[in-house]
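Student: One structure, as structure tokens, below. Some questions next.
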Amino acid sequence: MPDPLLELRGLSKNFGALTVTSDVSLTVLPGEIHAIIGPNGAGKTTLIHQISGTLRPDRGTIRFAGQDVTALPFERRARLGLARSFQITSIVPGFTALENVALAVQARSGSSFRFLRPVANEKALNEEARAALDTVGLGRVADRGAAALSHGEKRQLELAIAIAMNPRLLLLDEPLAGAGPEETERLIGILRDLRSRYGILLVEHDMQAVFALADRISVLVYGRVIVTGTVDEIRGHPEVRTAYLGEDALA
Amino acid sequence: MTAPLRKTLRKHALALVTLLALAAAPFLGFGDGFALGLLARAMILGMAAVSLSLLVGGAGLVSLGHAATMGIGAYTVVAFDAAGISEGLIVFPAAITAAAAYALLTGAVSLRTSGVHFIMITLAFGQMAFFTTSSFSSLGGDDGYTLYARTEWLGTRILDSRLTFHFLCLSLLALVWVGGSLLLGSRFGRVLRAARENPQRALAVGFQPYPYRLVAYVMAGAVGGLAGALLANATEFVSPALLSWTRSGELLFMVILGGVGQLGGAILGALAIVLLEESLSHLLVYWRLVFGPLLVLSVLFLPDGLVGAPLRLRAAFRFASPKRRNADA
């Protein structure tokens, strides 16, 4: 087995008396899609926050690419190659789609304490940004203002930003949230194409998408991982049926 | 003319025309001492307003203490004057450095806050600077200080010519404006703008906004210091009133009146306020009664500021004209 890209060990977090993450241990291997499912309020997004560095865990360690990153802030983890998307779309509305992505390329291409040269004309940044937009199928709206994009296009844009960071691991927090059926289809196709290049930790409510994409699935209930397994193991797991899936999702 | 150049020229047309008008003003009947003094004041305040606009419009940092940097620049000139030194090659770099150092120290603390807290803490630092200058009894204290002489350059009293001073202010104003605009379009400026609109997004791709904001804050402070040193020369008198928080508010108003979206707006805003204040105060005793409502109206009806006014007028005209055609038909 290859060394895990991401390894959580005994991660715990309380908000006052409320335990939101309880002794969570899991791994993401290179090239693997590891999905996290669970009912609303199970602590999925809180877990993503701790992995990305926007929340500090109370106990436990996070190792990324062989390095303990538990104490590193959000932006330092991003520079190490840990890219995250947000449950609620987070883009720069006043920028064009291209500029949104070019910002991510810029972050890993030399110093940004450059004060005079117009950045909009930097070919190297723009070319890489265009390539990332093409990957998610947004090439044709590159020069459109990000605020004017449709909801689905914004989700794709966020994915393009994450790809442009040239990351090693993608943390995707409900990338399909609010997308229509067609957009969902397209996004699933994109994620499938991406799987060979990155490790992906996917939090998603759409069971069809999760079953179609995931190599392994962890089920989170009340902040605790009750089971980790392959798609088939999870489908057949009795505790999962009662805790989360319900009969219709398995039909 | 290439297309990008034409686009740039059109975007900045109003500010460019204003600068050209300022260049022509001395030869079009505004060459007397009074008019030149007024224009110099407007240009110097415009410079400070452009640097504030860089913070407000560019980085999203609404400072209510920017006048302090101007005051520190001016009081540096005063302090050297009191010590008998008036060589520009010493005084000006010192004024700029002092204001930049103030911005670095106060910015390092202030930038840890945001929103209303940032406004309050910059105001608090500004007031500290104000009371500090008021307590310098050797520099006139509350009464202020009259300079013995304007700053010399390599021993020549070149600034004594009002026309020379006019064009010095104008060139520096243009330089600050062009430099600031380039800055906003650079890599550095892109990080500032991204962090203004969505700090979470900036962090997510790996940019911690703090150092970028601090550098911008120090740059704006340095320009404030330059403006202060020039203002001391323009009026040959400096008092703590220069650092009062109402002065900071006035700078902020120049930025908003001119238009937050473009640095050139601050030039228009400064010019409009200085000239309006002057003309109204000659016409009426209670001129502030008119001045206040005018400002309120401008904010209500010109949300993009003066720089946005031509576009707004054109849009209004376009909106009106098809209707007229329909009525004719």
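Letters A, B, ... go to the chains of the structure tokens in the order shown; residues in each chain start at 1; ligands are counted from 1 in the same order.
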With only C-alpha atoms considered, list every residue of chain A at most 6 Å from chain B, as a list in words.

Tutor: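 In the required form, that comes to Glu75, Ala78, Arg79, Val92, Ala104, Ser112, Phe113, Arg114, Phe115, Leu116, Arg117, Pro118 and Val119 of chain A.
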
Student: Please run DSSP on the backbone and report, as a PyMOL selection string, all residues within segment 95-191 of chain A that come out as helix (DSSP H, G or I).

Tutor: chain A and resi 97-107+119-121+123-135+139-141+146-148+151-164+181-191

Student: Using only C-alpha atoms, which residues sit within 8 Å of Leu64 of chain B once same-chain residues fewer than 4 positions away are excluded, as a short mmCIF file (atom, residue, chain, number, x, y, z; two decimals) with C-alpha atoms, in the first residue's frame?

Tutor:
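After the write, around_3.cif holds the following:
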data_model
loop_
_atom_site.label_atom_id
_atom_site.label_comp_id
_atom_site.auth_asym_id
_atom_site.auth_seq_id
_atom_site.Cartn_x
_atom_site.Cartn_y
_atom_site.Cartn_z
CA ILE B 119 -12.12 52.55 11.42
CA MET B 120 -12.13 53.11 15.19
CA THR B 122 -7.18 54.23 12.92
CA LEU B 123 -9.21 57.10 14.38
CA GLY B 126 -4.93 59.61 14.52
CA TRP B 245 -10.03 63.73 12.68
CA SER B 248 -9.29 62.64 7.91
CA GLY B 249 -13.03 62.62 7.36
CA LEU B 252 -12.40 60.21 3.06
#

Student: I need the residue nearest Leu231 of chain B from this list: B:Leu192, B:Met70, B:Ala309, B:Leu302. Use only C-alpha atoms for the distance.

Tutor: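 Going through B:Leu192, B:Met70, B:Ala309, B:Leu302 one by one, the smallest distance to Leu231 of chain B is for B:Met70.
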
Student: Determine, counting only C-alpha atoms, which protein, DNA and RNA residues have an atom within 8 Å of an atom of segment 13-24 of chain A; residues of the same chain fewer than 2 positions away are not included. Present the result as a PyMOL selection string.

Tutor: chain A and resi 8-11+26+42-43+46-47+57-60+222-225

Student: Write out the residues from the selection above, keeping N, CA and C atoms, as a PDB file, in the first residue's frame.

Tutor:
ATOM      1  N   LEU A   8      -5.496  11.300   9.117  1.00  0.00           N
ATOM      2  CA  LEU A   8      -6.042  11.878  10.348  1.00  0.00           C
ATOM      3  C   LEU A   8      -5.928  10.842  11.441  1.00  0.00           C
ATOM      4  N   ARG A   9      -5.441  11.297  12.603  1.00  0.00           N
ATOM      5  CA  ARG A   9      -5.310  10.348  13.711  1.00  0.00           C
ATOM      6  C   ARG A   9      -5.947  10.916  14.964  1.00  0.00           C
ATOM      7  N   GLY A  10      -7.008  10.302  15.406  1.00  0.00           N
ATOM      8  CA  GLY A  10      -7.648  10.666  16.684  1.00  0.00           C
ATOM      9  C   GLY A  10      -8.126  12.096  16.752  1.00  0.00           C
ATOM     10  N   LEU A  11      -8.680  12.610  15.651  1.00  0.00           N
ATOM     11  CA  LEU A  11      -9.093  14.005  15.598  1.00  0.00           C
ATOM     12  C   LEU A  11     -10.373  14.218  16.410  1.00  0.00           C
ATOM     13  N   LEU A  26      -8.738   8.625   9.659  1.00  0.00           N
ATOM     14  CA  LEU A  26      -8.944   8.111   8.300  1.00  0.00           C
ATOM     15  C   LEU A  26      -7.779   8.518   7.414  1.00  0.00           C
ATOM     16  N   ALA A  42     -23.788  15.867  11.016  1.00  0.00           N
ATOM     17  CA  ALA A  42     -22.881  14.807  11.436  1.00  0.00           C
ATOM     18  C   ALA A  42     -21.468  15.335  11.674  1.00  0.00           C
ATOM     19  N   GLY A  43     -21.196  16.579  11.212  1.00  0.00           N
ATOM     20  CA  GLY A  43     -19.871  17.160  11.414  1.00  0.00           C
ATOM     21  C   GLY A  43     -18.964  17.033  10.211  1.00  0.00           C
ATOM     22  N   THR A  46     -17.368  20.529   9.441  1.00  0.00           N
ATOM     23  CA  THR A  46     -16.429  20.832  10.526  1.00  0.00           C
ATOM     24  C   THR A  46     -15.139  20.043  10.341  1.00  0.00           C
ATOM     25  N   LEU A  47     -15.279  18.813   9.886  1.00  0.00           N
ATOM     26  CA  LEU A  47     -14.095  17.990   9.638  1.00  0.00           C
ATOM     27  C   LEU A  47     -13.252  18.593   8.509  1.00  0.00           C
ATOM     28  N   PRO A  57      -8.270  21.541  15.584  1.00  0.00           N
ATOM     29  CA  PRO A  57      -8.832  20.452  16.388  1.00  0.00           C
ATOM     30  C   PRO A  57      -8.386  20.574  17.844  1.00  0.00           C
ATOM     31  N   ASP A  58      -9.180  20.027  18.764  1.00  0.00           N
ATOM     32  CA  ASP A  58      -8.783  20.032  20.178  1.00  0.00           C
ATOM     33  C   ASP A  58      -7.709  18.985  20.442  1.00  0.00           C
ATOM     34  N   ARG A  59      -7.877  17.837  19.805  1.00  0.00           N
ATOM     35  CA  ARG A  59      -6.909  16.745  19.969  1.00  0.00           C
ATOM     36  C   ARG A  59      -6.688  16.065  18.623  1.00  0.00           C
ATOM     37  N   GLY A  60      -5.598  15.346  18.533  1.00  0.00           N
ATOM     38  CA  GLY A  60      -5.349  14.551  17.337  1.00  0.00           C
ATOM     39  C   GLY A  60      -4.380  15.243  16.385  1.00  0.00           C
ATOM     40  N   TYR A 222     -22.839  11.739  14.191  1.00  0.00           N
ATOM     41  CA  TYR A 222     -22.510  12.442  15.447  1.00  0.00           C
ATOM     42  C   TYR A 222     -21.001  12.595  15.625  1.00  0.00           C
ATOM     43  N   GLY A 223     -20.311  12.974  14.543  1.00  0.00           N
ATOM     44  CA  GLY A 223     -18.894  13.278  14.644  1.00  0.00           C
ATOM     45  C   GLY A 223     -17.983  12.072  14.689  1.00  0.00           C
ATOM     46  N   ARG A 224     -18.564  10.886  14.607  1.00  0.00           N
ATOM     47  CA  ARG A 224     -17.764   9.672  14.738  1.00  0.00           C
ATOM     48  C   ARG A 224     -17.849   8.866  13.449  1.00  0.00           C
ATOM     49  N   VAL A 225     -16.710   8.326  13.017  1.00  0.00           N
ATOM     50  CA  VAL A 225     -16.732   7.454  11.844  1.00  0.00           C
ATOM     51  C   VAL A 225     -17.241   6.087  12.297  1.00  0.00           C
TER      52      VAL A 225
END
